[in-house]
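This is entry-v8.pdb (PDB, C-alpha atoms and all ligand atoms).
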ATOM      1  CA  MET A   1     -44.997 103.855 -68.700  1.00  0.00           C
ATOM      2  CA  ARG A   2     -45.815 107.216 -67.172  1.00  0.00           C
ATOM      3  CA  PHE A   3     -49.474 106.217 -67.124  1.00  0.00           C
ATOM      4  CA  LEU A   4     -48.614 103.029 -65.269  1.00  0.00           C
ATOM      5  CA  PHE A   5     -46.539 104.983 -62.755  1.00  0.00           C
ATOM      6  CA  CYS A   6     -49.394 107.429 -62.108  1.00  0.00           C
ATOM      7  CA  PHE A   7     -51.818 104.570 -61.785  1.00  0.00           C
ATOM      8  CA  CYS A   8     -49.594 102.840 -59.237  1.00  0.00           C
ATOM      9  CA  LEU A   9     -49.216 106.063 -57.287  1.00  0.00           C
ATOM     10  CA  LEU A  10     -52.975 106.594 -57.257  1.00  0.00           C
ATOM     11  CA  PHE A  11     -53.574 103.015 -56.208  1.00  0.00           C
ATOM     12  CA  ALA A  12     -51.004 103.305 -53.432  1.00  0.00           C
ATOM     13  CA  SER A  13     -52.562 106.489 -52.055  1.00  0.00           C
ATOM     14  CA  VAL A  14     -56.074 104.973 -52.095  1.00  0.00           C
ATOM     15  CA  ALA A  15     -54.753 101.870 -50.354  1.00  0.00           C
ATOM     16  CA  LEU A  16     -53.023 104.095 -47.806  1.00  0.00           C
ATOM     17  CA  ALA A  17     -56.240 106.058 -47.100  1.00  0.00           C
ATOM     18  CA  ALA A  18     -58.127 102.815 -46.546  1.00  0.00           C
ATOM     19  CA  ASP A  19     -55.372 101.707 -44.163  1.00  0.00           C
ATOM     20  CA  ASP A  20     -55.715 104.780 -41.962  1.00  0.00           C
ATOM     21  CA  PRO A  21     -58.652 104.043 -39.667  1.00  0.00           C
ATOM     22  CA  TRP A  22     -58.678 107.673 -38.462  1.00  0.00           C
ATOM     23  CA  LYS A  23     -59.612 109.140 -41.845  1.00  0.00           C
ATOM     24  CA  LEU A  24     -63.034 108.995 -43.459  1.00  0.00           C
ATOM     25  CA  ASP A  25     -63.138 108.550 -47.216  1.00  0.00           C
ATOM     26  CA  ASP A  26     -65.589 110.043 -49.722  1.00  0.00           C
ATOM     27  CA  LYS A  27     -67.792 106.968 -49.494  1.00  0.00           C
ATOM     28  CA  PHE A  28     -68.739 107.987 -45.958  1.00  0.00           C
ATOM     29  CA  LYS A  29     -71.929 110.058 -45.799  1.00  0.00           C
ATOM     30  CA  ALA A  30     -72.696 112.018 -42.634  1.00  0.00           C
ATOM     31  CA  ALA A  31     -76.361 112.734 -41.884  1.00  0.00           C
ATOM     32  CA  LYS A  32     -75.514 116.194 -40.525  1.00  0.00           C
ATOM     33  CA  PRO A  33     -72.369 118.339 -40.244  1.00  0.00           C
ATOM     34  CA  GLU A  34     -72.335 118.201 -36.366  1.00  0.00           C
ATOM     35  CA  ASP A  35     -71.780 114.455 -36.608  1.00  0.00           C
ATOM     36  CA  LEU A  36     -68.312 115.221 -38.010  1.00  0.00           C
ATOM     37  CA  LYS A  37     -67.449 117.648 -35.196  1.00  0.00           C
ATOM     38  CA  ASP A  38     -65.676 116.414 -32.057  1.00  0.00           C
ATOM     39  CA  ALA A  39     -67.732 116.515 -28.873  1.00  0.00           C
ATOM     40  CA  GLU A  40     -66.342 119.138 -26.550  1.00  0.00           C
ATOM     41  CA  SER A  41     -63.715 117.842 -24.140  1.00  0.00           C
ATOM     42  CA  VAL A  42     -64.856 118.385 -20.531  1.00  0.00           C
ATOM     43  CA  LYS A  43     -62.347 119.378 -17.849  1.00  0.00           C
ATOM     44  CA  PRO A  44     -62.553 117.439 -14.592  1.00  0.00           C
ATOM     45  CA  PRO A  45     -64.526 119.395 -11.984  1.00  0.00           C
ATOM     46  CA  LYS A  46     -63.232 120.087  -8.459  1.00  0.00           C
ATOM     47  CA  GLY A  47     -63.098 116.905  -6.422  1.00  0.00           C
ATOM     48  CA  ALA A  48     -62.830 114.610  -9.448  1.00  0.00           C
ATOM     49  CA  ILE A  49     -60.425 111.670  -9.429  1.00  0.00           C
ATOM     50  CA  ILE A  50     -58.318 111.768 -12.585  1.00  0.00           C
ATOM     51  CA  LEU A  51     -58.130 108.288 -14.102  1.00  0.00           C
ATOM     52  CA  PHE A  52     -56.414 109.216 -17.375  1.00  0.00           C
ATOM     53  CA  ASP A  53     -55.038 112.610 -18.348  1.00  0.00           C
ATOM     54  CA  GLY A  54     -53.030 111.464 -21.351  1.00  0.00           C
ATOM     55  CA  LYS A  55     -49.669 111.331 -19.573  1.00  0.00           C
ATOM     56  CA  ASP A  56     -49.333 107.712 -18.481  1.00  0.00           C
ATOM     57  CA  PHE A  57     -51.049 104.504 -17.388  1.00  0.00           C
ATOM     58  CA  SER A  58     -50.202 105.018 -13.702  1.00  0.00           C
ATOM     59  CA  LYS A  59     -53.836 104.466 -12.632  1.00  0.00           C
ATOM     60  CA  TRP A  60     -54.281 101.364 -14.798  1.00  0.00           C
ATOM     61  CA  VAL A  61     -53.257  97.748 -14.900  1.00  0.00           C
ATOM     62  CA  LYS A  62     -54.051  94.731 -17.047  1.00  0.00           C
ATOM     63  CA  LYS A  63     -57.235  92.814 -16.288  1.00  0.00           C
ATOM     64  CA  ASN A  64     -55.294  90.256 -14.176  1.00  0.00           C
ATOM     65  CA  GLY A  65     -54.698  93.066 -11.675  1.00  0.00           C
ATOM     66  CA  LYS A  66     -50.905  92.998 -11.822  1.00  0.00           C
ATOM     67  CA  ASP A  67     -49.335  93.315 -15.287  1.00  0.00           C
ATOM     68  CA  GLU A  68     -48.330  96.607 -16.845  1.00  0.00           C
ATOM     69  CA  VAL A  69     -50.589  98.133 -19.495  1.00  0.00           C
ATOM     70  CA  LYS A  70     -49.095  97.987 -22.994  1.00  0.00           C
ATOM     71  CA  TRP A  71     -51.830  99.791 -24.917  1.00  0.00           C
ATOM     72  CA  THR A  72     -50.339 102.547 -27.064  1.00  0.00           C
ATOM     73  CA  LEU A  73     -50.073 106.075 -25.704  1.00  0.00           C
ATOM     74  CA  LYS A  74     -49.511 108.974 -28.076  1.00  0.00           C
ATOM     75  CA  ASP A  75     -50.378 112.668 -28.001  1.00  0.00           C
ATOM     76  CA  GLY A  76     -52.449 112.298 -24.828  1.00  0.00           C
ATOM     77  CA  VAL A  77     -54.518 109.455 -26.257  1.00  0.00           C
ATOM     78  CA  MET A  78     -54.556 105.747 -25.399  1.00  0.00           C
ATOM     79  CA  GLU A  79     -55.413 103.117 -27.987  1.00  0.00           C
ATOM     80  CA  GLY A  80     -56.422  99.502 -27.494  1.00  0.00           C
ATOM     81  CA  VAL A  81     -54.008  96.895 -28.822  1.00  0.00           C
ATOM     82  CA  LYS A  82     -55.476  93.701 -30.284  1.00  0.00           C
ATOM     83  CA  ASP A  83     -54.926  90.602 -28.131  1.00  0.00           C
ATOM     84  CA  HIS A  84     -53.455  92.644 -25.263  1.00  0.00           C
ATOM     85  CA  GLY A  85     -56.627  92.272 -23.238  1.00  0.00           C
ATOM     86  CA  ASP A  86     -58.823  94.562 -21.172  1.00  0.00           C
ATOM     87  CA  ILE A  87     -57.429  97.126 -18.777  1.00  0.00           C
ATOM     88  CA  ILE A  88     -58.786  98.126 -15.358  1.00  0.00           C
ATOM     89  CA  THR A  89     -58.198 100.928 -12.891  1.00  0.00           C
ATOM     90  CA  LYS A  90     -56.065 100.037  -9.884  1.00  0.00           C
ATOM     91  CA  ASP A  91     -58.683 101.668  -7.662  1.00  0.00           C
ATOM     92  CA  LYS A  92     -62.176 100.315  -7.117  1.00  0.00           C
ATOM     93  CA  PHE A  93     -65.276 102.431  -6.845  1.00  0.00           C
ATOM     94  CA  GLY A  94     -68.564 101.932  -5.031  1.00  0.00           C
ATOM     95  CA  GLY A  95     -71.505 104.031  -3.873  1.00  0.00           C
ATOM     96  CA  LYS A  96     -72.638 106.677  -6.308  1.00  0.00           C
ATOM     97  CA  PHE A  97     -70.430 108.442  -8.835  1.00  0.00           C
ATOM     98  CA  LYS A  98     -70.228 110.144 -12.180  1.00  0.00           C
ATOM     99  CA  LEU A  99     -67.781 108.816 -14.770  1.00  0.00           C
ATOM    100  CA  HIS A 100     -66.670 110.925 -17.728  1.00  0.00           C
ATOM    101  CA  VAL A 101     -65.034 109.162 -20.686  1.00  0.00           C
ATOM    102  CA  GLU A 102     -63.979 110.499 -24.096  1.00  0.00           C
ATOM    103  CA  PHE A 103     -63.569 107.999 -26.910  1.00  0.00           C
ATOM    104  CA  ARG A 104     -63.520 107.597 -30.666  1.00  0.00           C
ATOM    105  CA  VAL A 105     -64.008 104.562 -32.847  1.00  0.00           C
ATOM    106  CA  PRO A 106     -62.000 103.857 -36.020  1.00  0.00           C
ATOM    107  CA  TYR A 107     -63.447 103.898 -39.522  1.00  0.00           C
ATOM    108  CA  GLU A 108     -63.752 100.246 -40.507  1.00  0.00           C
ATOM    109  CA  PRO A 109     -66.005 100.241 -43.582  1.00  0.00           C
ATOM    110  CA  GLY A 110     -65.242  96.565 -44.216  1.00  0.00           C
ATOM    111  CA  GLY A 111     -66.773  95.506 -40.900  1.00  0.00           C
ATOM    112  CA  LYS A 112     -70.335  95.407 -39.697  1.00  0.00           C
ATOM    113  CA  GLY A 113     -72.417  94.718 -36.600  1.00  0.00           C
ATOM    114  CA  GLN A 114     -70.218  94.006 -33.568  1.00  0.00           C
ATOM    115  CA  GLY A 115     -67.153  94.015 -35.836  1.00  0.00           C
ATOM    116  CA  ARG A 116     -66.673  97.795 -36.143  1.00  0.00           C
ATOM    117  CA  GLY A 117     -64.916  99.779 -33.438  1.00  0.00           C
ATOM    118  CA  ASN A 118     -65.965  97.450 -30.636  1.00  0.00           C
ATOM    119  CA  SER A 119     -64.779  98.226 -27.103  1.00  0.00           C
ATOM    120  CA  GLY A 120     -66.671  99.071 -23.941  1.00  0.00           C
ATOM    121  CA  VAL A 121     -66.655 100.951 -20.666  1.00  0.00           C
ATOM    122  CA  TYR A 122     -67.484  98.652 -17.748  1.00  0.00           C
ATOM    123  CA  VAL A 123     -68.559 100.262 -14.502  1.00  0.00           C
ATOM    124  CA  GLN A 124     -67.387  98.289 -11.447  1.00  0.00           C
ATOM    125  CA  GLY A 125     -65.922  95.938 -14.070  1.00  0.00           C
ATOM    126  CA  ARG A 126     -69.425  94.452 -14.365  1.00  0.00           C
ATOM    127  CA  TYR A 127     -71.823  96.673 -16.298  1.00  0.00           C
ATOM    128  CA  GLU A 128     -70.845  97.527 -19.859  1.00  0.00           C
ATOM    129  CA  VAL A 129     -71.793 100.679 -21.660  1.00  0.00           C
ATOM    130  CA  GLN A 130     -71.072  99.533 -25.184  1.00  0.00           C
ATOM    131  CA  VAL A 131     -68.577 101.322 -27.414  1.00  0.00           C
ATOM    132  CA  LEU A 132     -69.092 100.507 -31.090  1.00  0.00           C
ATOM    133  CA  ASP A 133     -69.417 102.169 -34.460  1.00  0.00           C
ATOM    134  CA  SER A 134     -73.225 102.272 -34.627  1.00  0.00           C
ATOM    135  CA  TYR A 135     -73.386 105.502 -36.600  1.00  0.00           C
ATOM    136  CA  GLY A 136     -76.743 106.006 -38.309  1.00  0.00           C
ATOM    137  CA  LEU A 137     -78.189 102.651 -37.205  1.00  0.00           C
ATOM    138  CA  LYS A 138     -81.410 101.937 -35.354  1.00  0.00           C
ATOM    139  CA  SER A 139     -79.789 101.205 -31.997  1.00  0.00           C
ATOM    140  CA  GLY A 140     -80.404  97.887 -30.312  1.00  0.00           C
ATOM    141  CA  LYS A 141     -79.372  96.436 -26.938  1.00  0.00           C
ATOM    142  CA  ASN A 142     -75.837  95.724 -28.156  1.00  0.00           C
ATOM    143  CA  ASP A 143     -75.141  98.954 -30.055  1.00  0.00           C
ATOM    144  CA  CYS A 144     -73.116 101.965 -29.018  1.00  0.00           C
ATOM    145  CA  GLY A 145     -74.576 103.516 -25.864  1.00  0.00           C
ATOM    146  CA  ALA A 146     -76.446 100.343 -24.901  1.00  0.00           C
ATOM    147  CA  ILE A 147     -76.118  98.896 -21.429  1.00  0.00           C
ATOM    148  CA  TYR A 148     -75.070  95.636 -22.987  1.00  0.00           C
ATOM    149  CA  ASN A 149     -78.020  93.290 -23.432  1.00  0.00           C
ATOM    150  CA  VAL A 150     -79.937  95.210 -20.755  1.00  0.00           C
ATOM    151  CA  ALA A 151     -81.152  98.417 -22.383  1.00  0.00           C
ATOM    152  CA  ALA A 152     -80.861 100.023 -25.821  1.00  0.00           C
ATOM    153  CA  PRO A 153     -80.138 103.767 -25.808  1.00  0.00           C
ATOM    154  CA  SER A 154     -83.361 105.791 -26.094  1.00  0.00           C
ATOM    155  CA  VAL A 155     -81.868 107.587 -29.114  1.00  0.00           C
ATOM    156  CA  ASN A 156     -78.846 106.991 -31.321  1.00  0.00           C
ATOM    157  CA  ALA A 157     -76.573 109.884 -30.310  1.00  0.00           C
ATOM    158  CA  CYS A 158     -73.468 108.565 -32.145  1.00  0.00           C
ATOM    159  CA  LYS A 159     -71.112 110.794 -33.993  1.00  0.00           C
ATOM    160  CA  ALA A 160     -69.300 109.541 -37.075  1.00  0.00           C
ATOM    161  CA  PRO A 161     -66.381 107.148 -36.621  1.00  0.00           C
ATOM    162  CA  THR A 162     -63.014 108.950 -36.132  1.00  0.00           C
ATOM    163  CA  VAL A 163     -64.847 111.794 -34.302  1.00  0.00           C
ATOM    164  CA  TRP A 164     -64.401 112.279 -30.538  1.00  0.00           C
ATOM    165  CA  GLN A 165     -67.438 111.418 -28.423  1.00  0.00           C
ATOM    166  CA  THR A 166     -68.282 111.614 -24.715  1.00  0.00           C
ATOM    167  CA  TYR A 167     -70.005 109.433 -22.168  1.00  0.00           C
ATOM    168  CA  ASP A 168     -71.191 110.840 -18.866  1.00  0.00           C
ATOM    169  CA  ILE A 169     -72.303 107.900 -16.781  1.00  0.00           C
ATOM    170  CA  GLU A 170     -74.035 108.416 -13.455  1.00  0.00           C
ATOM    171  CA  PHE A 171     -73.907 105.157 -11.580  1.00  0.00           C
ATOM    172  CA  THR A 172     -75.537 103.998  -8.364  1.00  0.00           C
ATOM    173  CA  SER A 173     -74.253 100.737  -6.876  1.00  0.00           C
ATOM    174  CA  PRO A 174     -76.766  98.021  -6.046  1.00  0.00           C
ATOM    175  CA  LYS A 175     -77.863  97.826  -2.408  1.00  0.00           C
ATOM    176  CA  PHE A 176     -77.646  94.733  -0.247  1.00  0.00           C
ATOM    177  CA  GLU A 177     -79.060  93.812   3.146  1.00  0.00           C
ATOM    178  CA  ASN A 178     -77.860  90.683   4.912  1.00  0.00           C
ATOM    179  CA  GLY A 179     -76.343  89.463   1.668  1.00  0.00           C
ATOM    180  CA  LYS A 180     -79.603  89.931  -0.253  1.00  0.00           C
ATOM    181  CA  LYS A 181     -79.963  92.469  -3.050  1.00  0.00           C
ATOM    182  CA  THR A 182     -82.628  95.029  -2.169  1.00  0.00           C
ATOM    183  CA  GLU A 183     -81.954  97.547  -4.962  1.00  0.00           C
ATOM    184  CA  PRO A 184     -80.447  96.926  -8.398  1.00  0.00           C
ATOM    185  CA  ALA A 185     -77.593  98.983  -9.816  1.00  0.00           C
ATOM    186  CA  ARG A 186     -78.828 102.028 -11.724  1.00  0.00           C
ATOM    187  CA  MET A 187     -77.387 104.070 -14.523  1.00  0.00           C
ATOM    188  CA  SER A 188     -78.085 107.325 -16.301  1.00  0.00           C
ATOM    189  CA  VAL A 189     -75.982 107.948 -19.393  1.00  0.00           C
ATOM    190  CA  SER A 190     -75.480 111.018 -21.550  1.00  0.00           C
ATOM    191  CA  HIS A 191     -73.841 110.387 -24.924  1.00  0.00           C
ATOM    192  CA  ASN A 192     -72.389 113.496 -26.525  1.00  0.00           C
ATOM    193  CA  GLY A 193     -74.494 115.510 -24.083  1.00  0.00           C
ATOM    194  CA  ILE A 194     -77.746 113.728 -25.030  1.00  0.00           C
ATOM    195  CA  LYS A 195     -79.445 111.671 -22.322  1.00  0.00           C
ATOM    196  CA  ILE A 196     -79.790 108.099 -23.605  1.00  0.00           C
ATOM    197  CA  HIS A 197     -80.532 106.290 -20.291  1.00  0.00           C
ATOM    198  CA  ASP A 198     -82.454 107.803 -17.404  1.00  0.00           C
ATOM    199  CA  ASN A 199     -81.865 106.036 -14.092  1.00  0.00           C
ATOM    200  CA  VAL A 200     -82.258 102.617 -15.712  1.00  0.00           C
ATOM    201  CA  PRO A 201     -82.282  99.650 -13.283  1.00  0.00           C
ATOM    202  CA  ILE A 202     -79.807  96.912 -14.180  1.00  0.00           C
ATOM    203  CA  PRO A 203     -81.362  93.575 -13.236  1.00  0.00           C
ATOM    204  CA  VAL A 204     -78.185  91.513 -13.777  1.00  0.00           C
ATOM    205  CA  ASP A 205     -74.988  91.390 -11.680  1.00  0.00           C
ATOM    206  CA  ASN A 206     -72.651  91.161 -14.671  1.00  0.00           C
ATOM    207  CA  THR A 207     -72.982  91.861 -18.406  1.00  0.00           C
ATOM    208  CA  THR A 208     -71.200  89.797 -21.086  1.00  0.00           C
ATOM    209  CA  ALA A 209     -67.415  89.569 -20.605  1.00  0.00           C
ATOM    210  CA  GLY A 210     -67.527  91.590 -17.364  1.00  0.00           C
ATOM    211  CA  LEU A 211     -65.363  90.799 -14.338  1.00  0.00           C
ATOM    212  CA  GLY A 212     -68.245  89.486 -12.259  1.00  0.00           C
ATOM    213  CA  GLY A 213     -67.386  88.900  -8.623  1.00  0.00           C
ATOM    214  CA  ASP A 214     -69.375  89.892  -5.566  1.00  0.00           C
ATOM    215  CA  PRO A 215     -71.780  92.625  -6.761  1.00  0.00           C
ATOM    216  CA  SER A 216     -72.055  94.051  -3.236  1.00  0.00           C
ATOM    217  CA  THR A 217     -68.400  95.139  -3.379  1.00  0.00           C
ATOM    218  CA  PRO A 218     -66.792  98.058  -5.268  1.00  0.00           C
ATOM    219  CA  GLY A 219     -65.139  97.363  -8.610  1.00  0.00           C
ATOM    220  CA  PRO A 220     -62.738  99.022 -11.062  1.00  0.00           C
ATOM    221  CA  ILE A 221     -63.487 100.846 -14.295  1.00  0.00           C
ATOM    222  CA  LEU A 222     -62.659  98.484 -17.167  1.00  0.00           C
ATOM    223  CA  LEU A 223     -61.938  99.365 -20.804  1.00  0.00           C
ATOM    224  CA  GLN A 224     -62.473  96.479 -23.175  1.00  0.00           C
ATOM    225  CA  ASP A 225     -60.073  95.118 -25.790  1.00  0.00           C
ATOM    226  CA  HIS A 226     -62.358  93.663 -28.434  1.00  0.00           C
ATOM    227  CA  GLY A 227     -59.638  93.629 -31.091  1.00  0.00           C
ATOM    228  CA  HIS A 228     -60.307  97.112 -32.475  1.00  0.00           C
ATOM    229  CA  PRO A 229     -58.040 100.171 -32.176  1.00  0.00           C
ATOM    230  CA  VAL A 230     -60.541 102.257 -30.167  1.00  0.00           C
ATOM    231  CA  GLN A 231     -59.054 105.395 -28.572  1.00  0.00           C
ATOM    232  CA  TYR A 232     -59.699 107.015 -25.198  1.00  0.00           C
ATOM    233  CA  ARG A 233     -58.702 110.296 -23.568  1.00  0.00           C
ATOM    234  CA  ASN A 234     -59.621 112.431 -20.550  1.00  0.00           C
ATOM    235  CA  ILE A 235     -61.230 109.982 -18.128  1.00  0.00           C
ATOM    236  CA  TRP A 236     -62.295 111.141 -14.660  1.00  0.00           C
ATOM    237  CA  LEU A 237     -64.635 110.097 -11.905  1.00  0.00           C
ATOM    238  CA  LEU A 238     -66.523 112.278  -9.474  1.00  0.00           C
ATOM    239  CA  PRO A 239     -67.815 110.617  -6.294  1.00  0.00           C
ATOM    240  CA  ILE A 240     -71.344 111.760  -5.393  1.00  0.00           C
ATOM    241  CA  LYS A 241     -72.362 111.934  -1.753  1.00  0.00           C
TER     242      LYS A 241
HETATM  243 MG    MG B 301     -68.016  95.880 -26.285  1.00  0.00          MG
END
Take the structure in the file and write it out as structure tokens.
Amino acid sequence: MRFLFCFCLLFASVALAADDPWKLDDKFKAAKPEDLKDAESVKPPKGAIILFDGKDFSKWVKKNGKDEVKWTLKDGVMEGVKDHGDIITKDKFGGKFKLHVEFRVPYEPGGKGQGRGNSGVYVQGRYEVQVLDSYGLKSGKNDCGAIYNVAAPSVNACKAPTVWQTYDIEFTSPKFENGKKTEPARMSVSHNGIKIHDNVPIPVDNTTAGLGGDPSTPGPILLQDHGHPVQYRNIWLLPIK
């Protein structure tokens, strides 16, 4: 009887560990110890526009542009809620700017490919920098850090799932003359401080599931709900003159 009780207790605790997507288990093997260390949180510099400081969703709205955001907010961190839908900033941004985003993806050992920790950061609502658990993989055009279906990251700079990571995205809006595009949008991206895109031209006006719209006009920052509890904190944007 006592054996059965212990067994049940053990089983329950294992089941519980597997249920907590923010804890790695002993099956997870990190390639190096730094991969298990949070990327350093970066304070917004002078002149930055604070988009999320952990207090509230005052700068955000649902993708339809009017409904209140109902993602969860706890301990300064927001978390995507399945079937809620994407969220966008109330403000729109054009020209040239730097966007800083901190995120972490859950540990979902049962999933694979696009089914682990999928979300995304869309600049101007149109160009996605993919968020995904791509730890240890050979990164393709749809993996974490990719400009979705446009460019694979030059290196896989992912940290382990559950560990905080950073994106620093330097974005230049496309240029138009008389309604004709003369310069594509461009992006440089650093992932956890490692440059993974260097002034890459983006030949399309919208990546998969983006907001689309007139690419000559400013657009919001969009965070994607792809059905996974991806977390975000400390998001700011610095306009560049
Ligand atoms: Mg995505």
Nearest to A:Ile194, restricted to only C-alpha atoms and choosing among A:Asn178, A:Ser154, A:Thr89, A:Ser173, comes out as A:Ser154
Which residues, written as a list of chain:residue names, have at least one atom at most 10 Å from A:Lys43, with all atoms listed in the file counted and residues fewer than 5 positions away on the same chain left out?
A:Ala48, A:Asp53, A:His100, A:Asn234, A:Ile235, A:Trp236
With C-alpha atoms retained, could you export that selection as a PDB file, in the coordinates of the input?
ATOM      1  CA  ALA A  48     -62.830 114.610  -9.448  1.00  0.00           C
ATOM      2  CA  ASP A  53     -55.038 112.610 -18.348  1.00  0.00           C
ATOM      3  CA  HIS A 100     -66.670 110.925 -17.728  1.00  0.00           C
ATOM      4  CA  ASN A 234     -59.621 112.431 -20.550  1.00  0.00           C
ATOM      5  CA  ILE A 235     -61.230 109.982 -18.128  1.00  0.00           C
ATOM      6  CA  TRP A 236     -62.295 111.141 -14.660  1.00  0.00           C
TER       7      TRP A 236
END
Would you kindly translate the PyMOL selection byres (((not hetatm)) within 12 of (chain B and resi 301)) into the concrete residues it picks from this file, as an MDAnalysis selection string?
chainID A and resid 86 105 113:122 127:134 141:149 207:210 222:228 230
Selection file, C-alpha atoms, as a PDB file, in the frame of the given file:
ATOM      1  CA  ASP A  86     -58.823  94.562 -21.172  1.00  0.00           C
ATOM      2  CA  VAL A 105     -64.008 104.562 -32.847  1.00  0.00           C
ATOM      3  CA  GLY A 113     -72.417  94.718 -36.600  1.00  0.00           C
ATOM      4  CA  GLN A 114     -70.218  94.006 -33.568  1.00  0.00           C
ATOM      5  CA  GLY A 115     -67.153  94.015 -35.836  1.00  0.00           C
ATOM      6  CA  ARG A 116     -66.673  97.795 -36.143  1.00  0.00           C
ATOM      7  CA  GLY A 117     -64.916  99.779 -33.438  1.00  0.00           C
ATOM      8  CA  ASN A 118     -65.965  97.450 -30.636  1.00  0.00           C
ATOM      9  CA  SER A 119     -64.779  98.226 -27.103  1.00  0.00           C
ATOM     10  CA  GLY A 120     -66.671  99.071 -23.941  1.00  0.00           C
ATOM     11  CA  VAL A 121     -66.655 100.951 -20.666  1.00  0.00           C
ATOM     12  CA  TYR A 122     -67.484  98.652 -17.748  1.00  0.00           C
ATOM     13  CA  TYR A 127     -71.823  96.673 -16.298  1.00  0.00           C
ATOM     14  CA  GLU A 128     -70.845  97.527 -19.859  1.00  0.00           C
ATOM     15  CA  VAL A 129     -71.793 100.679 -21.660  1.00  0.00           C
ATOM     16  CA  GLN A 130     -71.072  99.533 -25.184  1.00  0.00           C
ATOM     17  CA  VAL A 131     -68.577 101.322 -27.414  1.00  0.00           C
ATOM     18  CA  LEU A 132     -69.092 100.507 -31.090  1.00  0.00           C
ATOM     19  CA  ASP A 133     -69.417 102.169 -34.460  1.00  0.00           C
ATOM     20  CA  SER A 134     -73.225 102.272 -34.627  1.00  0.00           C
ATOM     21  CA  LYS A 141     -79.372  96.436 -26.938  1.00  0.00           C
ATOM     22  CA  ASN A 142     -75.837  95.724 -28.156  1.00  0.00           C
ATOM     23  CA  ASP A 143     -75.141  98.954 -30.055  1.00  0.00           C
ATOM     24  CA  CYS A 144     -73.116 101.965 -29.018  1.00  0.00           C
ATOM     25  CA  GLY A 145     -74.576 103.516 -25.864  1.00  0.00           C
ATOM     26  CA  ALA A 146     -76.446 100.343 -24.901  1.00  0.00           C
ATOM     27  CA  ILE A 147     -76.118  98.896 -21.429  1.00  0.00           C
ATOM     28  CA  TYR A 148     -75.070  95.636 -22.987  1.00  0.00           C
ATOM     29  CA  ASN A 149     -78.020  93.290 -23.432  1.00  0.00           C
ATOM     30  CA  THR A 207     -72.982  91.861 -18.406  1.00  0.00           C
ATOM     31  CA  THR A 208     -71.200  89.797 -21.086  1.00  0.00           C
ATOM     32  CA  ALA A 209     -67.415  89.569 -20.605  1.00  0.00           C
ATOM     33  CA  GLY A 210     -67.527  91.590 -17.364  1.00  0.00           C
ATOM     34  CA  LEU A 222     -62.659  98.484 -17.167  1.00  0.00           C
ATOM     35  CA  LEU A 223     -61.938  99.365 -20.804  1.00  0.00           C
ATOM     36  CA  GLN A 224     -62.473  96.479 -23.175  1.00  0.00           C
ATOM     37  CA  ASP A 225     -60.073  95.118 -25.790  1.00  0.00           C
ATOM     38  CA  HIS A 226     -62.358  93.663 -28.434  1.00  0.00           C
ATOM     39  CA  GLY A 227     -59.638  93.629 -31.091  1.00  0.00           C
ATOM     40  CA  HIS A 228     -60.307  97.112 -32.475  1.00  0.00           C
ATOM     41  CA  VAL A 230     -60.541 102.257 -30.167  1.00  0.00           C
TER      42      VAL A 230
END
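Candidate residues A:Leu24, A:Ile49, A:Ala39, A:Leu73 were compared for distance to A:Glu108, and the nearest is A:Leu24, using all atoms listed in the file.
Distances from A:Val163, A:Ile240, A:Val61, A:Met78 to A:Leu36 were compared using all atoms listed in the file, and the smallest one belongs to A:Val163.
Using only C-alpha atoms, the smallest distance between any of A:Pro201, A:Pro45, A:Gly213, A:Gly54 and A:Thr172 comes from A:Pro201.
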